[in-house]
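Chemist: One structure coming up, written as structure tokens, with questions to follow.
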Amino acid sequence: MIENKVDFIATVVVNNANPNGDPLAGNMPRTDSKGYGEMSDVSIKRKIRNRMQDLGHEIFVKSRDRVDDDFYSLEERYLEYFKGNKNDLDVEKGVQERWLDVRTFGQVITYEKKSIGIRGPVSIGIAKSLDPVEITSMQITRSTNGMKPKNEKSRSSDTMGTKHVVEFATYVIYGAINCFYAERTGFDQEDLKVIKEALRTLFINDASSARPEGSMEVKDIFWFEHSTKIGNISSAKIKGLLEWDKENDMKEKYEDYNIHLNEEKLKEYKELGLKIEQLEGI
């Protein structure tokens with residue numbers, strides 16, 4: 001088990017990519033009401049799950065294009081191992097032991113008339129860009145028809161499309177690991193190492209037409225370990241440690257942000273027992 005609360009901050013650089021499209025807005029990159037870019041917590045957890053799978057761990061919630069056990073629904077995967085088990089406590093313990101993502105993020109089990117809610121120890125918030133983002137949209141066409149047009153010499157409607165990218169931005173991911181929920185799910189030190197490695201390699205094996213190779217990169221990870229289960233300071237105060245240059249409006253590369261931690265506050269928190277490790281992404 002883990003005996004110390006953990007907080008983490010990760011910075012992500014985006015160059016001409018769509019970090020997280022909104023299906024309700026034509027797959028435009030997500031933004032808030034003020035124009036700041038967003039990456040949903042669900043999309044970040046999806047990438048972490050994919051990295052868990054790549055690292056050889058069994059996960060419950062698999063992407064359709066990453067299914068490796070011939071089960072294309074969660075119900076099928078659940079029934080393969082737990083069908084007919086009447087004891088909810090045995091099911092809860094079993095799914096947590098079998099699947100890393102369940103004991104990490106939690107899960108709701110609603111199969112065979114069951115209703116089992118599992119709260120995972122790892123929480124991740126919506127990632128936000130440090131500045132409002134500029135989105136470029138371009139019309140794209142295919143050189144061949146996907147469907148037969150009415151006129152053989154014309155283009156069918158499905159040859160046209162639109163592609164949207166964020167030209168350049170830096171996003172920040174905040175997360176925390178709760179010791180008390182870790183005790184309940186069995187999340188331990190080895191699982192903690194997997195999370196750290198997944199964050200370092202978040203965009204490995206994640207390329208797509210919306211996110212070409214090299215267009216998204218984890219730059220820095222600030223890993224905070226408290227000396228107690230409840231934490232030396234709140235996660236809100238951990239977030240307040242991150243500082244960057246807000247005066248320069250012409251940021252063209254990551255270094256222009258001058259991202260750092262408030263040294264005065266960090267010194268105060270270290271005296272309370274907080275430890276910090278800074279890692280570079282891959």
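In the structure tokens, chains take letters A, B, ... by order of appearance, with residues numbered from 1 within each chain and ligands from 1 in the order shown.
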Pick out the residues sitting within 10 Å of region 80-84 of chain A, and hand them over as JSON, numbers by chain; count only C-alpha atoms, and ignore anything fewer than 5 positions along from it in its own chain.
Modeler: {"A": [71, 75, 90, 91, 94, 95, 98, 111, 112]}
Chemist: Go through region 15-245 of chain A and collect every residue that DSSP, computed from the backbone, puts in alpha helix (DSSP H); the answer should be as a ChimeraX atom specification.
Modeler: /A:41-54,74-82,88-98,100-105,179-185,189-200,235-239
Chemist: Would you list the contacts of Leu274 (chain A) as a count of residues only, taking every protein, DNA or RNA residue within 8 Å and counting only C-alpha atoms, but skipping same-chain residues closer than 5 positions in sequence?
Modeler: 6
Chemist: Ranking A:Glu76, A:Glu3, A:Asp206, A:Glu38 by minimum distance to Asn50 (chain A) and counting only C-alpha atoms, which one comes first?
Modeler: A:Asp206
Chemist: List every residue of region 22-203 of chain A that DSSP, applied to the backbone of this structure, assigns to strand (DSSP E or B), and report them as a PyMOL selection string.
Modeler: chain A and resi 22+28-29+31+36-39+106-109+116-119+122-124+127-132+135-141+160-177
Chemist: Show which residues sit within 10 Å of Lys265 (chain A), as JSON, numbers by chain. Count only C-alpha atoms, and ignore same-chain residues fewer than 5 positions away.
Modeler: {"A": [237, 238, 240, 241, 270]}
Chemist: Determine the nearest neighbour of Ala210 (chain A) from the options A:Arg64, A:Lys239, A:His164, A:Lys196, counting only C-alpha atoms.
Modeler: A:His164
Chemist: Kindly give the distance, in Å, that separates CA of Ile9 (chain A) and CA of Arg51 (chain A), rounded to a single decimal.
Modeler: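 Taking CA of Ile9 (chain A) and CA of Arg51 (chain A), their separation equals 18.1 Å.
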Chemist: Go ahead and compute the interatomic distance for CA of Val13 (chain A) and CA of Ser215 (chain A), in Å to one decimal.
Modeler: 8.0 Å
Chemist: Hey, what's within 12 Å of Phe180 (chain A) if we count only C-alpha atoms and toss same-chain stuff fewer than 4 positions away? As a PyMOL selection string, please?
Modeler: chain A and resi 1-6+119-122+184-188+228-231
Chemist: Put those residues in a file: N, CA, C and O atoms, as a PDB file, in the first residue's frame.
Modeler:
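The result, written out as part08.pdb:
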```pdb
ATOM      1  N   MET A   1       0.832  -1.198   0.000  1.00  0.00           N
ATOM      2  CA  MET A   1       0.000   0.000   0.000  1.00  0.00           C
ATOM      3  C   MET A   1       0.870   1.254   0.000  1.00  0.00           C
ATOM      4  O   MET A   1       2.054   1.190   0.343  1.00  0.00           O
ATOM      5  N   ILE A   2       0.288   2.368  -0.374  1.00  0.00           N
ATOM      6  CA  ILE A   2       1.024   3.623  -0.317  1.00  0.00           C
ATOM      7  C   ILE A   2       0.657   4.345   0.974  1.00  0.00           C
ATOM      8  O   ILE A   2      -0.494   4.342   1.399  1.00  0.00           O
ATOM      9  N   GLU A   3       1.653   4.923   1.610  1.00  0.00           N
ATOM     10  CA  GLU A   3       1.471   5.561   2.912  1.00  0.00           C
ATOM     11  C   GLU A   3       1.516   7.078   2.839  1.00  0.00           C
ATOM     12  O   GLU A   3       1.311   7.748   3.850  1.00  0.00           O
ATOM     13  N   ASN A   4       1.814   7.611   1.663  1.00  0.00           N
ATOM     14  CA  ASN A   4       1.972   9.059   1.518  1.00  0.00           C
ATOM     15  C   ASN A   4       1.125   9.578   0.368  1.00  0.00           C
ATOM     16  O   ASN A   4       1.147   9.016  -0.728  1.00  0.00           O
ATOM     17  N   LYS A   5       0.392  10.643   0.618  1.00  0.00           N
ATOM     18  CA  LYS A   5      -0.368  11.273  -0.454  1.00  0.00           C
ATOM     19  C   LYS A   5       0.588  11.800  -1.524  1.00  0.00           C
ATOM     20  O   LYS A   5       1.715  12.230  -1.216  1.00  0.00           O
ATOM     21  N   VAL A   6       0.139  11.771  -2.769  1.00  0.00           N
ATOM     22  CA  VAL A   6       0.943  12.250  -3.893  1.00  0.00           C
ATOM     23  C   VAL A   6       0.127  13.250  -4.701  1.00  0.00           C
ATOM     24  O   VAL A   6      -1.068  13.039  -4.940  1.00  0.00           O
ATOM     25  N   ARG A 119     -14.421   3.581  -5.996  1.00  0.00           N
ATOM     26  CA  ARG A 119     -13.746   4.882  -6.110  1.00  0.00           C
ATOM     27  C   ARG A 119     -12.245   4.671  -6.177  1.00  0.00           C
ATOM     28  O   ARG A 119     -11.642   4.095  -5.265  1.00  0.00           O
ATOM     29  N   GLY A 120     -11.647   5.123  -7.261  1.00  0.00           N
ATOM     30  CA  GLY A 120     -10.216   4.944  -7.442  1.00  0.00           C
ATOM     31  C   GLY A 120      -9.418   6.036  -6.755  1.00  0.00           C
ATOM     32  O   GLY A 120      -9.906   7.147  -6.547  1.00  0.00           O
ATOM     33  N   PRO A 121      -8.165   5.756  -6.411  1.00  0.00           N
ATOM     34  CA  PRO A 121      -7.336   6.733  -5.702  1.00  0.00           C
ATOM     35  C   PRO A 121      -6.751   7.831  -6.582  1.00  0.00           C
ATOM     36  O   PRO A 121      -6.379   8.894  -6.083  1.00  0.00           O
ATOM     37  N   VAL A 122      -6.665   7.594  -7.888  1.00  0.00           N
ATOM     38  CA  VAL A 122      -6.023   8.572  -8.775  1.00  0.00           C
ATOM     39  C   VAL A 122      -7.086   9.468  -9.404  1.00  0.00           C
ATOM     40  O   VAL A 122      -7.981   8.990 -10.111  1.00  0.00           O
ATOM     41  N   ARG A 184      -8.364   0.779  -0.170  1.00  0.00           N
ATOM     42  CA  ARG A 184      -9.589   0.034  -0.495  1.00  0.00           C
ATOM     43  C   ARG A 184      -9.445  -0.756  -1.789  1.00  0.00           C
ATOM     44  O   ARG A 184      -9.989  -1.850  -1.916  1.00  0.00           O
ATOM     45  N   THR A 185      -8.740  -0.186  -2.782  1.00  0.00           N
ATOM     46  CA  THR A 185      -8.647  -0.861  -4.088  1.00  0.00           C
ATOM     47  C   THR A 185      -7.411  -1.740  -4.219  1.00  0.00           C
ATOM     48  O   THR A 185      -7.318  -2.530  -5.165  1.00  0.00           O
ATOM     49  N   GLY A 186      -6.442  -1.593  -3.311  1.00  0.00           N
ATOM     50  CA  GLY A 186      -5.208  -2.368  -3.415  1.00  0.00           C
ATOM     51  C   GLY A 186      -4.146  -1.707  -4.265  1.00  0.00           C
ATOM     52  O   GLY A 186      -3.140  -2.338  -4.630  1.00  0.00           O
ATOM     53  N   PHE A 187      -4.331  -0.449  -4.592  1.00  0.00           N
ATOM     54  CA  PHE A 187      -3.338   0.311  -5.366  1.00  0.00           C
ATOM     55  C   PHE A 187      -2.068   0.450  -4.525  1.00  0.00           C
ATOM     56  O   PHE A 187      -2.100   0.974  -3.414  1.00  0.00           O
ATOM     57  N   ASP A 188      -0.923  -0.030  -5.053  1.00  0.00           N
ATOM     58  CA  ASP A 188       0.300  -0.071  -4.252  1.00  0.00           C
ATOM     59  C   ASP A 188       1.457   0.673  -4.906  1.00  0.00           C
ATOM     60  O   ASP A 188       1.283   1.365  -5.917  1.00  0.00           O
ATOM     61  N   THR A 228       2.574  12.394   5.008  1.00  0.00           N
ATOM     62  CA  THR A 228       1.430  11.791   5.691  1.00  0.00           C
ATOM     63  C   THR A 228       0.408  11.312   4.675  1.00  0.00           C
ATOM     64  O   THR A 228       0.477  11.663   3.488  1.00  0.00           O
ATOM     65  N   LYS A 229      -0.563  10.535   5.141  1.00  0.00           N
ATOM     66  CA  LYS A 229      -1.616  10.057   4.250  1.00  0.00           C
ATOM     67  C   LYS A 229      -2.533  11.188   3.810  1.00  0.00           C
ATOM     68  O   LYS A 229      -2.984  11.228   2.661  1.00  0.00           O
ATOM     69  N   ILE A 230      -2.825  12.102   4.729  1.00  0.00           N
ATOM     70  CA  ILE A 230      -3.763  13.176   4.416  1.00  0.00           C
ATOM     71  C   ILE A 230      -3.093  14.313   3.653  1.00  0.00           C
ATOM     72  O   ILE A 230      -3.758  15.105   2.982  1.00  0.00           O
ATOM     73  N   GLY A 231      -1.773  14.422   3.749  1.00  0.00           N
ATOM     74  CA  GLY A 231      -1.048  15.465   3.029  1.00  0.00           C
ATOM     75  C   GLY A 231      -0.578  16.582   3.936  1.00  0.00           C
ATOM     76  O   GLY A 231      -1.263  16.942   4.895  1.00  0.00           O
TER      77      GLY A 231
END
```
Chemist: Of the residues A:Asp65, A:Glu197, A:Glu247, A:Asp7, which is the one nearest to Gly125 (chain A), using only C-alpha atoms?
Modeler: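 Using only C-alpha atoms, Gly125 (chain A) sits closest to A:Asp7.
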Chemist: Which of these, A:Ser235, A:Gln96, A:Asn262, A:Gln139, has the shortest distance to Ile118 (chain A) once you count only C-alpha atoms?
Modeler: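 Once distances to Ile118 (chain A) are computed over only C-alpha atoms, the minimum belongs to A:Gln96.
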Chemist: With only C-alpha atoms as the basis for distance, which of A:Leu89, A:Leu130, A:Leu272, A:Lys193 is at the shortest distance from Ile259 (chain A)?
Modeler: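 Smallest distance to Ile259 (chain A) is found for A:Leu130.
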Chemist: Could you tell me which of A:Asp54, A:Asp256, A:Asp70, A:Asp101 comes closest to Asp191 (chain A) if we count only C-alpha atoms?
Modeler: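 For Asp191 (chain A), the nearest of the candidates is A:Asp101.
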Chemist: I want to know what sits within 12 Å of region 20-28 of chain A, based on only C-alpha atoms, with residues of the same chain fewer than 4 positions away left out; could you give that as a PyMOL selection string?
Modeler: chain A and resi 14+32+37-44+46-47+126-128+133-138+161-166+171+208+210-211+216
Chemist: What's the separation between CA of Ser209 (chain A) and CA of Asn15 (chain A), in Å to one decimal place?
Modeler: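 We find that CA of Ser209 (chain A) and CA of Asn15 (chain A) lie 13.3 Å from each other.
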